[in-house]
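Asker: Mind looking over this structure? Questions follow.
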Amino acid sequence: MPHTSVVIRPILDSDCLEQLTQLLHQAYAIRLEEGFRFFATHQDVEVTRERVQQGHCVVADLESKIVGTATIRPLKPDDRVEYYRRSDAWSFGQFGVLPEYRGQGIGKRLYDACEKYAQANGAKEIGLDTPEHAHNLIAMYNAWGFEIVGEFDYPHTNYKSVIMGKRVWIDD
C-alpha cells in the first residue's frame with residue numbers, strides 16, 4: 001500500500017548527511033548481496049555531501065524520517081562517459097529507497113521530481129547507469145522510458161555498466 005503521507009522535497013541544510021549515507025548503504029545492501037559493488041554500498045559522508053552539492057537532491061520524507069533519496073545534476077563536459085559530456089543532458093543517480101518502503105511508488109515519485117526539475121532547467125535528456133546484468137533495474141528504467149545508449153566499465157565497481165538515456169524535452 002502506498003504511503004500517501006510521504007512528501008517528496010528538496011534536501012534541507014538541516015537534514016543529516018550521515019543518515020542519508022546510511023540510507024544509501026541500506027538501500028544498496030541488496031545489490032551487494034546480488035554481487036554488485038555499487039559505490040553507494042560503501043561511500044562515505046564526504047562523497048554523499050559532494051554528490052548532493054553537485055546537483056539537485058530530493059528526499060522522500062515520511063513523518064520526518066527520510067526513506068528515500070535521488071539526485072539529478074547537469075552533466076560535465078569532462079566526464080569519462082561520452083554520453084555524460086552532453087550539454088543538454090542531466091544525470092540521475094544517488095538513488096535509493098529503504099528496503100521496507102520499496103514497491104510503494106516512492107522511487108518513481110523521487111525520479112519524477114528529478115525529471116521535472118531537470119526539464120525546468122533546460123534538460124533535453126536524462127542519463128543514468130546501472131550494471132549490465134541487473135536485469136530488474138534495467139527493466140524498471142525501461143518502464144520509466146529509458147533505453148540503453150552505451151556502456152562503461154567504471155574502475156570503482158566490479159561490473160560493466162550500461163548507460164541509459166531518456167528524452168525529456170517537450171517540444172512547444
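A note on labels: chains of the C-alpha cells are A, B, ... as shown, every chain counts residues from 1, and ligands are counted from 1 in their shown order.
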Write out as a list in words the residues lying within 9 Å of Glu63 (chain A), counting only C-alpha atoms and excluding same-chain residues fewer than 3 positions away.

Answerer: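 Here the qualifying residues turn out to be Ser5, Val6, Val7 and Ile66 of chain A.
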
Asker: Just the selected residues (N, CA and C atoms), exported as a PDB file, in the first residue's frame, please.

Answerer:
```pdb
ATOM      1  N   SER A   5       1.355   9.717   2.893  1.00  0.00           N
ATOM      2  CA  SER A   5       1.919  10.806   3.684  1.00  0.00           C
ATOM      3  C   SER A   5       3.398  11.055   3.372  1.00  0.00           C
ATOM      4  N   VAL A   6       3.960  10.332   2.420  1.00  0.00           N
ATOM      5  CA  VAL A   6       5.343  10.589   2.010  1.00  0.00           C
ATOM      6  C   VAL A   6       5.373  11.877   1.197  1.00  0.00           C
ATOM      7  N   VAL A   7       6.256  12.773   1.599  1.00  0.00           N
ATOM      8  CA  VAL A   7       6.430  14.049   0.903  1.00  0.00           C
ATOM      9  C   VAL A   7       7.769  14.010   0.184  1.00  0.00           C
ATOM     10  N   ILE A  66      13.560  10.263   6.656  1.00  0.00           N
ATOM     11  CA  ILE A  66      13.909  10.168   5.236  1.00  0.00           C
ATOM     12  C   ILE A  66      13.975   8.691   4.869  1.00  0.00           C
TER      13      ILE A  66
END
```

Asker: Would you pick out the contacts of region 88-105 of chain A at 6 Å or less, using only C-alpha atoms, so that residues sharing its chain but fewer than 4 positions from it are not included, and give the list as a PyMOL selection string?

Answerer: chain A and resi 2+24+27+67-75+123-128

Asker: If you keep N, CA and C atoms, can you produce a file of those selected residues as a compact mmCIF listing (two decimals), in the first residue's frame?

Answerer:
```txt
# COMPACT_ATOMS: atom_id res chain seq x y z
N PRO A 2 0.66 2.17 -0.93
CA PRO A 2 1.47 3.38 -0.97
C PRO A 2 1.29 4.24 0.27
N LEU A 24 21.58 5.14 1.96
CA LEU A 24 22.13 4.61 0.71
C LEU A 24 22.76 3.24 0.93
N ALA A 27 19.90 0.84 1.31
CA ALA A 27 19.18 0.67 0.06
C ALA A 27 19.95 -0.20 -0.92
N VAL A 67 13.13 8.30 3.89
CA VAL A 67 13.04 6.90 3.49
C VAL A 67 13.54 6.67 2.06
N GLY A 68 13.93 7.74 1.37
CA GLY A 68 14.44 7.62 0.02
C GLY A 68 15.12 8.89 -0.42
N THR A 69 15.93 8.78 -1.46
CA THR A 69 16.65 9.94 -1.98
C THR A 69 17.02 9.73 -3.44
N ALA A 70 17.24 10.83 -4.13
CA ALA A 70 17.73 10.82 -5.51
C ALA A 70 18.35 12.18 -5.79
N THR A 71 19.29 12.18 -6.72
CA THR A 71 19.95 13.43 -7.12
C THR A 71 19.99 13.51 -8.63
N ILE A 72 19.71 14.70 -9.14
CA ILE A 72 19.82 14.98 -10.58
C ILE A 72 20.83 16.11 -10.73
N ARG A 73 21.71 15.99 -11.72
CA ARG A 73 22.72 17.03 -11.88
C ARG A 73 23.01 17.26 -13.36
N PRO A 74 23.43 18.48 -13.68
CA PRO A 74 23.85 18.72 -15.06
C PRO A 74 25.09 17.87 -15.37
N LEU A 75 25.22 17.53 -16.61
CA LEU A 75 26.37 16.72 -16.99
C LEU A 75 27.62 17.59 -17.09
N ALA A 123 17.00 20.65 -19.38
CA ALA A 123 17.44 19.31 -19.81
C ALA A 123 16.60 18.83 -20.98
N LYS A 124 17.27 18.22 -21.93
CA LYS A 124 16.58 17.58 -23.05
C LYS A 124 16.61 16.06 -22.89
N GLU A 125 17.61 15.58 -22.15
CA GLU A 125 17.72 14.14 -21.89
C GLU A 125 18.21 13.93 -20.47
N ILE A 126 17.89 12.74 -19.94
CA ILE A 126 18.41 12.32 -18.65
C ILE A 126 19.11 11.00 -18.86
N GLY A 127 20.28 10.87 -18.24
CA GLY A 127 21.04 9.63 -18.33
C GLY A 127 21.26 9.03 -16.96
N LEU A 128 21.52 7.74 -16.94
CA LEU A 128 21.86 7.03 -15.71
C LEU A 128 22.68 5.81 -16.10
```

Asker: At what distance in Å, to one decimal, does CA of Ile11 (chain A) lie from CA of Arg51 (chain A)?

Answerer: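 CA of Ile11 (chain A) lies 12.1 Å from CA of Arg51 (chain A).
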
Asker: Could you list, as a list in words, every residue within 8 Å of Pro131 (chain A), counting only C-alpha atoms and ignoring same-chain residues fewer than 5 positions away?

Answerer: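 What passes the distance filter is Phe36, Tyr159, Lys160, Ser161 and Val162 of chain A.
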
Asker: Residues of region 82-171 of chain A in helix (DSSP H, G or I) according to DSSP, as a PyMOL selection string?

Answerer: chain A and resi 82-85+99-101+106-120+135-143

Asker: Could those residues be written to a file, using N, CA and C atoms, as a JSON list (two decimals), in the first residue's frame?

Answerer:
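File again32.json, as written:
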```
[["chain", "number", "residue", "atom", "x", "y", "z"],
["A", 82, "GLU", "N", 31.16, 9.28, -22.45],
["A", 82, "GLU", "CA", 30.83, 10.19, -23.55],
["A", 82, "GLU", "C", 29.42, 10.76, -23.44],
["A", 83, "TYR", "N", 28.44, 9.93, -23.16],
["A", 83, "TYR", "CA", 27.05, 10.39, -23.06],
["A", 83, "TYR", "C", 26.91, 11.48, -22.01],
["A", 84, "TYR", "N", 27.66, 11.38, -20.93],
["A", 84, "TYR", "CA", 27.57, 12.34, -19.83],
["A", 84, "TYR", "C", 28.31, 13.65, -20.10],
["A", 85, "ARG", "N", 28.88, 13.80, -21.26],
["A", 85, "ARG", "CA", 29.54, 15.07, -21.61],
["A", 85, "ARG", "C", 28.60, 16.00, -22.39],
["A", 99, "PRO", "N", 14.70, -0.49, 2.09],
["A", 99, "PRO", "CA", 14.06, -1.74, 1.66],
["A", 99, "PRO", "C", 12.61, -1.91, 2.12],
["A", 100, "GLU", "N", 12.31, -1.52, 3.34],
["A", 100, "GLU", "CA", 10.95, -1.72, 3.85],
["A", 100, "GLU", "C", 9.91, -0.79, 3.21],
["A", 101, "TYR", "N", 10.36, 0.17, 2.40],
["A", 101, "TYR", "CA", 9.44, 1.10, 1.73],
["A", 101, "TYR", "C", 9.41, 0.90, 0.22],
["A", 106, "ILE", "N", 7.47, 5.08, -4.24],
["A", 106, "ILE", "CA", 8.30, 6.18, -3.73],
["A", 106, "ILE", "C", 9.46, 6.47, -4.69],
["A", 107, "GLY", "N", 10.11, 5.43, -5.18],
["A", 107, "GLY", "CA", 11.22, 5.62, -6.11],
["A", 107, "GLY", "C", 10.80, 6.35, -7.37],
["A", 108, "LYS", "N", 9.66, 5.99, -7.90],
["A", 108, "LYS", "CA", 9.15, 6.65, -9.11],
["A", 108, "LYS", "C", 8.83, 8.10, -8.82],
["A", 109, "ARG", "N", 8.28, 8.38, -7.65],
["A", 109, "ARG", "CA", 7.99, 9.77, -7.29],
["A", 109, "ARG", "C", 9.27, 10.57, -7.15],
["A", 110, "LEU", "N", 10.31, 9.97, -6.59],
["A", 110, "LEU", "CA", 11.61, 10.65, -6.50],
["A", 110, "LEU", "C", 12.13, 10.95, -7.90],
["A", 111, "TYR", "N", 12.09, 9.94, -8.78],
["A", 111, "TYR", "CA", 12.55, 10.15, -10.15],
["A", 111, "TYR", "C", 11.74, 11.25, -10.83],
["A", 112, "ASP", "N", 10.41, 11.20, -10.71],
["A", 112, "ASP", "CA", 9.56, 12.21, -11.36],
["A", 112, "ASP", "C", 9.91, 13.62, -10.90],
["A", 113, "ALA", "N", 10.21, 13.78, -9.61],
["A", 113, "ALA", "CA", 10.59, 15.11, -9.11],
["A", 113, "ALA", "C", 11.91, 15.55, -9.73],
["A", 114, "CYS", "N", 12.83, 14.62, -9.89],
["A", 114, "CYS", "CA", 14.11, 14.95, -10.52],
["A", 114, "CYS", "C", 13.93, 15.31, -11.99],
["A", 115, "GLU", "N", 13.11, 14.53, -12.69],
["A", 115, "GLU", "CA", 12.87, 14.81, -14.10],
["A", 115, "GLU", "C", 12.24, 16.19, -14.28],
["A", 116, "LYS", "N", 11.25, 16.49, -13.46],
["A", 116, "LYS", "CA", 10.57, 17.79, -13.55],
["A", 116, "LYS", "C", 11.57, 18.93, -13.32],
["A", 117, "TYR", "N", 12.44, 18.77, -12.33],
["A", 117, "TYR", "CA", 13.44, 19.79, -12.04],
["A", 117, "TYR", "C", 14.40, 19.96, -13.24],
["A", 118, "ALA", "N", 14.86, 18.85, -13.78],
["A", 118, "ALA", "CA", 15.79, 18.91, -14.91],
["A", 118, "ALA", "C", 15.12, 19.57, -16.12],
["A", 119, "GLN", "N", 13.88, 19.21, -16.40],
["A", 119, "GLN", "CA", 13.15, 19.83, -17.52],
["A", 119, "GLN", "C", 13.04, 21.34, -17.32],
["A", 120, "ALA", "N", 12.70, 21.76, -16.12],
["A", 120, "ALA", "CA", 12.54, 23.18, -15.82],
["A", 120, "ALA", "C", 13.85, 23.94, -15.95],
["A", 135, "HIS", "N", 19.17, -7.05, -14.40],
["A", 135, "HIS", "CA", 18.02, -7.08, -15.31],
["A", 135, "HIS", "C", 16.77, -6.44, -14.70],
["A", 136, "ASN", "N", 16.60, -6.59, -13.39],
["A", 136, "ASN", "CA", 15.42, -6.00, -12.75],
["A", 136, "ASN", "C", 15.50, -4.47, -12.77],
["A", 137, "LEU", "N", 16.68, -3.92, -12.55],
["A", 137, "LEU", "CA", 16.84, -2.45, -12.60],
["A", 137, "LEU", "C", 16.68, -1.94, -14.03],
["A", 138, "ILE", "N", 17.28, -2.64, -14.98],
["A", 138, "ILE", "CA", 17.15, -2.24, -16.38],
["A", 138, "ILE", "C", 15.68, -2.26, -16.80],
["A", 139, "ALA", "N", 14.94, -3.29, -16.37],
["A", 139, "ALA", "CA", 13.52, -3.37, -16.71],
["A", 139, "ALA", "C", 12.74, -2.21, -16.09],
["A", 140, "MET", "N", 13.07, -1.86, -14.84],
["A", 140, "MET", "CA", 12.38, -0.74, -14.19],
["A", 140, "MET", "C", 12.65, 0.56, -14.97],
["A", 141, "TYR", "N", 13.92, 0.80, -15.30],
["A", 141, "TYR", "CA", 14.25, 2.03, -16.03],
["A", 141, "TYR", "C", 13.64, 2.02, -17.43],
["A", 142, "ASN", "N", 13.58, 0.85, -18.09],
["A", 142, "ASN", "CA", 12.88, 0.75, -19.38],
["A", 142, "ASN", "C", 11.42, 1.16, -19.22],
["A", 143, "ALA", "N", 10.78, 0.69, -18.15],
["A", 143, "ALA", "CA", 9.37, 1.03, -17.91],
["A", 143, "ALA", "C", 9.19, 2.53, -17.69]]
```
